[in-house]
Amino acid sequence: MSGVRVLVGTRKGAFVLTADGKREKWEVSGPHFAGWEIYHVKGSPADPNRLYASQSSGWFGQQIQRSKDGGNTWEPVGNKFVYEGVPGTHQWYDGTPHPWEFKRVWHLEPSLSDPDTVYAGIEDAAMFRTTDGGANWNELPGLRGHGSGPHWSPGAGGMCLHTIILDPKNPARMFIAISAAGAFRTDDGGKSWKPINKGLRSEQIPDPNAEVGHCVHRIAMHRSRPNTLFMQKHWDVMRSDDAGDSWREVSGNLPTDFGFPIDVHAHEPETVYVVPITSDSYHYPPDGKLRVYRSKTGGGEWEPLSKGLPQKDCYVNVLRDAMAVDSLDTCGVYFGTTGGQVYASADSGNSWMPIVRDLPAVLSVEVQTLQ
Amino acid sequence: MIRVVLPTHLRLLAGVQGEVEVTLTGPATCAAVLDVLETRFPMLRGAIRDHVTHKRRPFVRFFACEKDLSHEGPDAPLPEAVVTGSEPLLVVGAMAGG
């Protein structure tokens, strides 16, 4: 019988939430790695029982954990992330050069075809890859070596490479995003990269054609249309239909164009979800109402989805990696909040229910659809 | 034989309970103890000191015999009481908020 496994990373450990295809009754496993920050947990599309987790601590640094049995047991694997060559400098908040320093792994993206190959997005922004199940990690230096690296600067959350999207139709093509450098694409398996930020507008950047410096929060793609990308930027929801070569705004009637996550319906490539958040220093939902917004037109026209979500006195945030969809016949949508709730919708967002209410602040949510 | 007490998080990470006993063949220093620890428990590499520079992580400290050894330098001789095993070497996660 089909089911789902929701992988949740929090400020104080990882949790694995499981249910059958009805998605009504849930079992909660965890905390795994209690007390550690778990920025991301993700399963391999090639082997659903192979999971990887990014475990970090201000005291004891970075660990990578691997599970071969769907999260029942874990083993630490390689945690050495050393930049290729002389790291050089990027731009600090005050505009001065600042040495590149490894801080943590934000995002782990397993290969679509090989459970031993995983890409890692790290802070300070760079991309690493393992081809031996996490034992060894090597940088793909062409990204930082693109030439604009010395001009990249951190966003408020650090200079993190937080989004990695693998093109399901073209193994040589990948998309990544960095706060606050922007989005980049490789067409040769990560050897070389080009910035793909044309059309983005960022208030602090007077040059509308600036190649880098854009605070991209998250990018999403539907696997049937890899040339169409949706982006939640610091301001504006954007869309590209040419693999990022150009972008246009599709914020439309959203109550605020600020937010972090964005995702696409599993079966409807023009159905997109965002969670509008009040900017800039507030970072909570407008009017204290937690609402997911859905567009069935690929952006531009958005409808609020609030059934089952708190509609008063709600002041949580939903972070960039904390939304995901399953691929059951009726697409399920999931998101986690900084208040520790993980909400699920088994009907494409029409109604919601909390799976759990009182976890530590949720950093990431991923979903596996199990057969 | 040197007795090492790891903080809870690192004991869980390494899968050990209680103290870890370390036998050295050369001079008894903090660096030598960590070399042996990291060989036996590879997951501790990078968790106490940097992978490459071997610089102590900022919020990790070393104590023994009621003294803070954190600034003694990695190659400084450990106290005799630690070398003989009558006192443990404590690896401590600093109290630093959170």
# chains A, B, ... in the order shown; residues from 1 in each chain; ligands from 1
$ residues_around --residues "Thr369 of chain A" --least-positions-apart "6" --cutoff "10 Å" --atoms "only C-alpha atoms" --output "PyMOL selection string"
chain A and resi 2-6+20-21+45+48+325-328+332
$ write_last_selection --atoms "N, CA and C atoms" --output "mmCIF file, in the first residue's frame"
data_model
loop_
_atom_site.group_PDB
_atom_site.id
_atom_site.type_symbol
_atom_site.label_atom_id
_atom_site.label_comp_id
_atom_site.auth_asym_id
_atom_site.auth_seq_id
_atom_site.Cartn_x
_atom_site.Cartn_y
_atom_site.Cartn_z
ATOM 1 N N SER A 2 0.452 2.249 -0.694
ATOM 2 C CA SER A 2 1.264 3.453 -0.778
ATOM 3 C C SER A 2 1.240 4.216 0.542
ATOM 4 N N GLY A 3 2.227 5.051 0.710
ATOM 5 C CA GLY A 3 2.307 5.864 1.912
ATOM 6 C C GLY A 3 3.264 7.010 1.696
ATOM 7 N N VAL A 4 3.431 7.785 2.750
ATOM 8 C CA VAL A 4 4.356 8.914 2.667
ATOM 9 C C VAL A 4 5.245 8.923 3.906
ATOM 10 N N ARG A 5 6.450 9.432 3.696
ATOM 11 C CA ARG A 5 7.402 9.635 4.773
ATOM 12 C C ARG A 5 7.847 11.095 4.719
ATOM 13 N N VAL A 6 7.563 11.827 5.770
ATOM 14 C CA VAL A 6 7.912 13.246 5.819
ATOM 15 C C VAL A 6 9.168 13.393 6.668
ATOM 16 N N ASP A 20 -0.029 6.209 5.960
ATOM 17 C CA ASP A 20 -0.395 5.508 4.733
ATOM 18 C C ASP A 20 -0.956 6.520 3.732
ATOM 19 N N GLY A 21 -1.430 6.008 2.608
ATOM 20 C CA GLY A 21 -1.836 6.897 1.533
ATOM 21 C C GLY A 21 -2.998 7.818 1.863
ATOM 22 N N PRO A 45 16.067 9.614 -4.667
ATOM 23 C CA PRO A 45 15.025 9.153 -5.589
ATOM 24 C C PRO A 45 15.330 7.765 -6.134
ATOM 25 N N PRO A 48 14.682 4.890 -2.039
ATOM 26 C CA PRO A 48 13.970 5.678 -1.014
ATOM 27 C C PRO A 48 14.407 5.395 0.420
ATOM 28 N N VAL A 325 5.919 18.622 -1.566
ATOM 29 C CA VAL A 325 4.699 17.967 -2.054
ATOM 30 C C VAL A 325 4.970 16.486 -2.247
ATOM 31 N N ASP A 326 3.916 15.664 -2.036
ATOM 32 C CA ASP A 326 4.051 14.254 -2.384
ATOM 33 C C ASP A 326 3.470 14.035 -3.771
ATOM 34 N N SER A 327 3.585 12.808 -4.279
ATOM 35 C CA SER A 327 3.116 12.552 -5.641
ATOM 36 C C SER A 327 2.028 11.483 -5.675
ATOM 37 N N LEU A 328 1.274 11.363 -4.582
ATOM 38 C CA LEU A 328 0.103 10.491 -4.605
ATOM 39 C C LEU A 328 -0.936 11.067 -5.568
ATOM 40 N N GLY A 332 -0.386 15.717 -2.078
ATOM 41 C CA GLY A 332 -0.283 16.226 -0.723
ATOM 42 C C GLY A 332 0.723 17.364 -0.652
#
$ interface_residues --of "chain B" --to "chain A" --cutoff "8 Å" --atoms "only C-alpha atoms" --output "list in words"
His9, Leu13, Met43, Arg45, Gly46, Ala47, Ile48, His51, Arg57, Pro58, Phe59, Val60, Gly93 and Ala94 of chain B
$ write_last_selection --atoms "C-alpha atoms" --output "PDB file, in the first residue's frame"
ATOM      1  CA  HIS B   9      26.780  15.019  22.198  1.00  0.00           C
ATOM      2  CA  LEU B  13      28.010  10.699  18.013  1.00  0.00           C
ATOM      3  CA  MET B  43      33.249  10.919  13.218  1.00  0.00           C
ATOM      4  CA  ARG B  45      37.239  14.588  13.148  1.00  0.00           C
ATOM      5  CA  GLY B  46      36.249  18.217  12.806  1.00  0.00           C
ATOM      6  CA  ALA B  47      34.079  18.104  15.923  1.00  0.00           C
ATOM      7  CA  ILE B  48      36.765  19.041  18.445  1.00  0.00           C
ATOM      8  CA  HIS B  51      40.080  19.152  10.008  1.00  0.00           C
ATOM      9  CA  ARG B  57      36.905  24.739  17.845  1.00  0.00           C
ATOM     10  CA  PRO B  58      35.925  27.989  19.579  1.00  0.00           C
ATOM     11  CA  PHE B  59      33.293  26.466  21.880  1.00  0.00           C
ATOM     12  CA  VAL B  60      35.273  23.385  22.866  1.00  0.00           C
ATOM     13  CA  GLY B  93      31.336  22.015  25.239  1.00  0.00           C
ATOM     14  CA  ALA B  94      31.559  25.603  26.448  1.00  0.00           C
TER      15      ALA B  94
END
$ atom_distance --atom1 "atom CA of Asp313 of chain A" --atom2 "atom CA of Tyr282 of chain A"
14.0 Å
$ residues_around --residues "Ile262 of chain A" --least-positions-apart "2" --cutoff "9 Å" --atoms "only C-alpha atoms" --output "list in words"
His217, Arg218, Ile219, Ala220, Phe230, Met231, Gln232, Val237, Gly259, Phe260, Val264, Val272, Tyr273, Val274, Val275, Arg320, Asp321, Met323 and Ala324 of chain A
$ atom_distance --atom1 "atom CA of Asp245 of chain A" --atom2 "atom CA of Ile277 of chain A"
27.2 Å
$ select_by_dssp --residues "chain B" --states "helix (DSSP H, G or I)" --output "PyMOL selection string"
chain B and resi 8-14+30-40+42-44+80-83
$ select_by_dssp --residues "segment 71-273 of chain A" --states "strand (DSSP E)" --output "PyMOL selection string"
chain A and resi 75-76+89-91+97-99+104-110+118-123+126-130+138-139+160-166+174-179+182-186+194-195+216-221+229-233+237-240+248-249+259-264+272-273
$ closest_residue --among "B:Leu6, B:Met1, B:Ala14, B:Cys65" --to "Val92 of chain B" --atoms "only C-alpha atoms"
B:Leu6
$ closest_residue --among "B:Val33, B:Val91, B:Ala76, B:Phe63" --to "Arg11 of chain B" --atoms "only C-alpha atoms"
B:Val91
$ atom_distance --atom1 "atom CA of Ser251 of chain A" --atom2 "atom CA of Pro286 of chain A"
15.5 Å
$ closest_residue --among "A:Pro226, A:Gly288, A:Pro31, A:Gly244" --to "Lys169 of chain A" --atoms "only C-alpha atoms"
A:Pro226
$ residues_around --residues "segment 347-362 of chain A" --least-positions-apart "6" --cutoff "9 Å" --atoms "only C-alpha atoms" --output "PyMOL selection string"
chain A and resi 8-13+15+17+24-28+38-39+265+273+292-294+305-309+318-319+322+325+330-341
$ residues_around --residues "Ile2 of chain B" --least-positions-apart "4" --cutoff "9 Å" --atoms "only C-alpha atoms" --output "JSON, numbers by chain"
{"B": [20, 21, 22, 23, 24, 28, 33, 82, 83, 84, 85, 86, 87, 88, 89]}
$ write_last_selection --atoms "N, CA and C atoms" --output "mmCIF file, in the first residue's frame"
data_model
loop_
_atom_site.group_PDB
_atom_site.id
_atom_site.type_symbol
_atom_site.label_atom_id
_atom_site.label_comp_id
_atom_site.auth_asym_id
_atom_site.auth_seq_id
_atom_site.Cartn_x
_atom_site.Cartn_y
_atom_site.Cartn_z
ATOM 1 N N VAL B 20 36.479 7.273 27.712
ATOM 2 C CA VAL B 20 37.229 6.591 26.659
ATOM 3 C C VAL B 20 38.674 6.474 27.142
ATOM 4 N N GLU B 21 39.233 5.293 27.031
ATOM 5 C CA GLU B 21 40.623 5.107 27.465
ATOM 6 C C GLU B 21 41.544 5.155 26.259
ATOM 7 N N VAL B 22 42.606 5.937 26.392
ATOM 8 C CA VAL B 22 43.528 6.170 25.287
ATOM 9 C C VAL B 22 44.938 5.788 25.735
ATOM 10 N N THR B 23 45.598 4.983 24.932
ATOM 11 C CA THR B 23 46.993 4.626 25.215
ATOM 12 C C THR B 23 47.887 5.291 24.176
ATOM 13 N N LEU B 24 48.887 6.007 24.661
ATOM 14 C CA LEU B 24 49.790 6.735 23.777
ATOM 15 C C LEU B 24 51.148 6.042 23.732
ATOM 16 N N ALA B 28 52.754 12.596 25.962
ATOM 17 C CA ALA B 28 51.338 12.751 26.315
ATOM 18 C C ALA B 28 50.943 14.214 26.173
ATOM 19 N N VAL B 33 46.462 12.849 22.149
ATOM 20 C CA VAL B 33 45.205 12.213 22.568
ATOM 21 C C VAL B 33 44.160 12.342 21.463
ATOM 22 N N VAL B 82 46.966 13.189 34.762
ATOM 23 C CA VAL B 82 46.227 12.721 33.581
ATOM 24 C C VAL B 82 47.003 11.585 32.911
ATOM 25 N N VAL B 83 48.314 11.743 32.841
ATOM 26 C CA VAL B 83 49.150 10.731 32.186
ATOM 27 C C VAL B 83 49.054 9.392 32.911
ATOM 28 N N THR B 84 48.993 9.446 34.248
ATOM 29 C CA THR B 84 48.923 8.196 35.021
ATOM 30 C C THR B 84 47.502 7.648 35.105
ATOM 31 N N GLY B 85 46.546 8.435 34.681
ATOM 32 C CA GLY B 85 45.170 7.962 34.696
ATOM 33 C C GLY B 85 44.433 8.216 35.995
ATOM 34 N N SER B 86 45.044 8.923 36.896
ATOM 35 C CA SER B 86 44.342 9.181 38.156
ATOM 36 C C SER B 86 43.323 10.311 38.005
ATOM 37 N N GLU B 87 43.514 11.155 36.994
ATOM 38 C CA GLU B 87 42.548 12.219 36.694
ATOM 39 C C GLU B 87 42.201 12.137 35.208
ATOM 40 N N PRO B 88 40.945 12.407 34.848
ATOM 41 C CA PRO B 88 40.576 12.362 33.423
ATOM 42 C C PRO B 88 40.883 13.688 32.720
ATOM 43 N N LEU B 89 41.014 13.597 31.411
ATOM 44 C CA LEU B 89 41.044 14.791 30.560
ATOM 45 C C LEU B 89 39.614 15.045 30.114
#
$ residues_around --residues "Gly43 of chain A" --least-positions-apart "6" --cutoff "10 Å" --atoms "only C-alpha atoms" --output "number ranges by chain"
A: 5-7, 49-53, 66-68, 70-71, 108-111, 115, 366-368
$ closest_residue --among "B:Thr8, B:Ala64, B:Arg56, B:Phe41" --to "Leu78 of chain B" --atoms "only C-alpha atoms"
B:Ala64
